[in-house]
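Right, one structure below, let's go through it.
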Amino acid sequence: MSKMHEGLASVGEEESSMKLGVVQMPLVEDIGRNEKRISAHLEAAASQGISLVGFPEMALTSYSPDVLKDPDLNECVETALARIQTACRASGIGVIIGHGFREGDKLFNRSTALLPDGRRLTYDKIYLAEMEQKYFTPGDKPLSFEFGGMMVGVIVCRDQNYPLLARQLRHEGSEALFILSAHYYKPKEARWKVEKNRALPIARAVETGMTVLVSNAVGSHLGMVSLGNSLIADPSGCVIVSANESDETILSADLPVG
């Protein structure tokens, strides 16, 4: 059974608020098993009153070469997303999920927002890591959308290194920024980069005045490790709530609306 943590941020005298959240979870080399894990967290998030929840980069497909090279990749992804969106409509919760997806001969590191009103929005990671550049095609446009009276932006992992991208989303009106991550490295490198990967989202929050919500993978995958540390930082850069480097968990915070 997953261990669920919930963090709450005071909204003072605000008359209305909306709870946003992120999931920290391990990835496995099987779409069906990842879908079941996502669905379980979706149900838990809905029970906690979370309105919109982000999952890690590539959470549905993982980075497994066997999964990503499967000629039925898109069909499997679409089938899983359709089931998840049905659950979203039933529970009234929105989700943002990372996965691989092919368009012709191009493979994208894609994030899909499934919203309870039936909208489906996608974002393809723009700033690919060096290893990813051998396999993936970069995206060319950011994603922001309105949800529950709030503008929300989405970026993926290494995108956080580029402040102009976050500033563009803020310029477009985003008040909350989801960063879907899967910081997999060899063990020694993973330890070296923990503080950097905590610092950059906090810096993006301070620079833009947005609440930043980071969903990271945790555990081992393809001989590498991700050390979690998912977090939510407020517009001043203060960390409202954060995860440790090993537990599967849900983090959440109430954000003022209007």
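Simple scheme: letters A, B, ... for chains in structure tokens order, numbers from 1 for residues in each chain, numbers from 1 for ligands in the order shown.
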
Problem set entry | Who sits within 9 Å of Thr122 in chain A, only C-alpha atoms, same chain under 3 positions skipped, as a count of residues only | 6

Can you tell me, as a PDB file with C-alpha atoms, in the first residue's frame, what residues are no more than 9 Å from range 79-86 of chain A when counting only C-alpha atoms, ignoring any on the same chain fewer than 5 positions away?
ATOM      1  CA  ILE A  31       2.038   0.340 -19.167  1.00  0.00           C
ATOM      2  CA  GLY A  32      -0.696  -1.689 -17.504  1.00  0.00           C
ATOM      3  CA  GLU A  35      -1.814   2.715 -15.249  1.00  0.00           C
ATOM      4  CA  ILE A  38      -1.799   6.076 -11.513  1.00  0.00           C
ATOM      5  CA  SER A  39      -5.470   5.143 -11.111  1.00  0.00           C
ATOM      6  CA  LEU A  42      -6.032   9.394  -8.754  1.00  0.00           C
ATOM      7  CA  LEU A  60       2.638   5.833 -17.923  1.00  0.00           C
ATOM      8  CA  ASN A  74       0.219   4.668 -29.255  1.00  0.00           C
ATOM      9  CA  SER A  91     -14.423  11.952  -9.793  1.00  0.00           C
ATOM     10  CA  GLY A  94      -7.903  16.639 -13.513  1.00  0.00           C
ATOM     11  CA  VAL A  95      -4.559  14.910 -14.090  1.00  0.00           C
ATOM     12  CA  ILE A  97       0.534  12.452 -16.963  1.00  0.00           C
ATOM     13  CA  THR A 112      -1.116  14.971 -21.381  1.00  0.00           C
ATOM     14  CA  LEU A 114      -6.891  15.089 -18.897  1.00  0.00           C
ATOM     15  CA  LEU A 115      -9.560  17.371 -17.480  1.00  0.00           C
ATOM     16  CA  PRO A 116     -12.966  16.406 -16.074  1.00  0.00           C
ATOM     17  CA  GLY A 118     -13.445  16.363 -21.391  1.00  0.00           C
ATOM     18  CA  ARG A 120      -7.293  16.826 -23.463  1.00  0.00           C
TER      19      ARG A 120
END

For this session: Excluding Pro26 in chain A and any residue of its chain fewer than 3 positions from it, enumerate the residues within 10 Å of it, using only C-alpha atoms, and give them as a ChimeraX atom specification.
Result: /A:23,34,37,56,59,62,182,216-221,225-226,228,246-248

Kindly assemble as JSON lines a list of the range 12-101 of chain A residues that lie within 12 Å of range 166-176 of chain A, each paired with its nearest atom pair and their distance in Å to one decimal, using only C-alpha atoms, sorted first by chain and then by ascending residue number.
{"residue": "A:Met18", "atom": "CA", "partner": "A:Ala176", "partner_atom": "CA", "distance": 11.2}
{"residue": "A:Lys19", "atom": "CA", "partner": "A:Ala176", "partner_atom": "CA", "distance": 11.3}
{"residue": "A:Leu20", "atom": "CA", "partner": "A:Ala176", "partner_atom": "CA", "distance": 9.1}
{"residue": "A:Gly21", "atom": "CA", "partner": "A:Ala176", "partner_atom": "CA", "distance": 10.9}
{"residue": "A:Leu52", "atom": "CA", "partner": "A:Ala176", "partner_atom": "CA", "distance": 11.0}
{"residue": "A:Val53", "atom": "CA", "partner": "A:Ala176", "partner_atom": "CA", "distance": 11.8}
{"residue": "A:Gly54", "atom": "CA", "partner": "A:Ala176", "partner_atom": "CA", "distance": 11.7}

For this session: May I ask for the distance between CA of Glu132 in chain A and CA of Ser242 in chain A, given in Å to one decimal place?
Result: 27.3 Å

Exercise. So, counting only C-alpha atoms, which residue among A:Arg158, A:Arg204, A:Lys186, A:Arg102 is closest to Glu130 in chain A?
Worked result: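 Under the stated criterion, the closest residue is A:Arg158.
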
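Residue neighbourhood of Phe108 in chain A, excluding near-sequence residues (fewer than 5 positions): Gly100, Phe101, Arg102, Glu103, Asp124, Lys125, Phe136, Thr137, Pro138 and Gly139 of chain A, at 8 Å, using only C-alpha atoms.
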
Could you take the residues named above and write them with C-alpha atoms, as a tab-separated table (two decimals), in the first residue's frame?
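Result file part.tsv:
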chain	number	residue	atom	x	y	z
A	100	GLY	CA	6.01	8.48	-24.70
A	101	PHE	CA	4.11	8.95	-27.96
A	102	ARG	CA	4.92	8.54	-31.64
A	103	GLU	CA	3.92	10.74	-34.56
A	124	ASP	CA	6.05	17.86	-25.71
A	125	LYS	CA	9.25	18.37	-23.73
A	136	PHE	CA	13.20	11.88	-28.86
A	137	THR	CA	12.16	14.86	-30.95
A	138	PRO	CA	11.85	18.12	-28.99
A	139	GLY	CA	8.58	20.02	-28.79
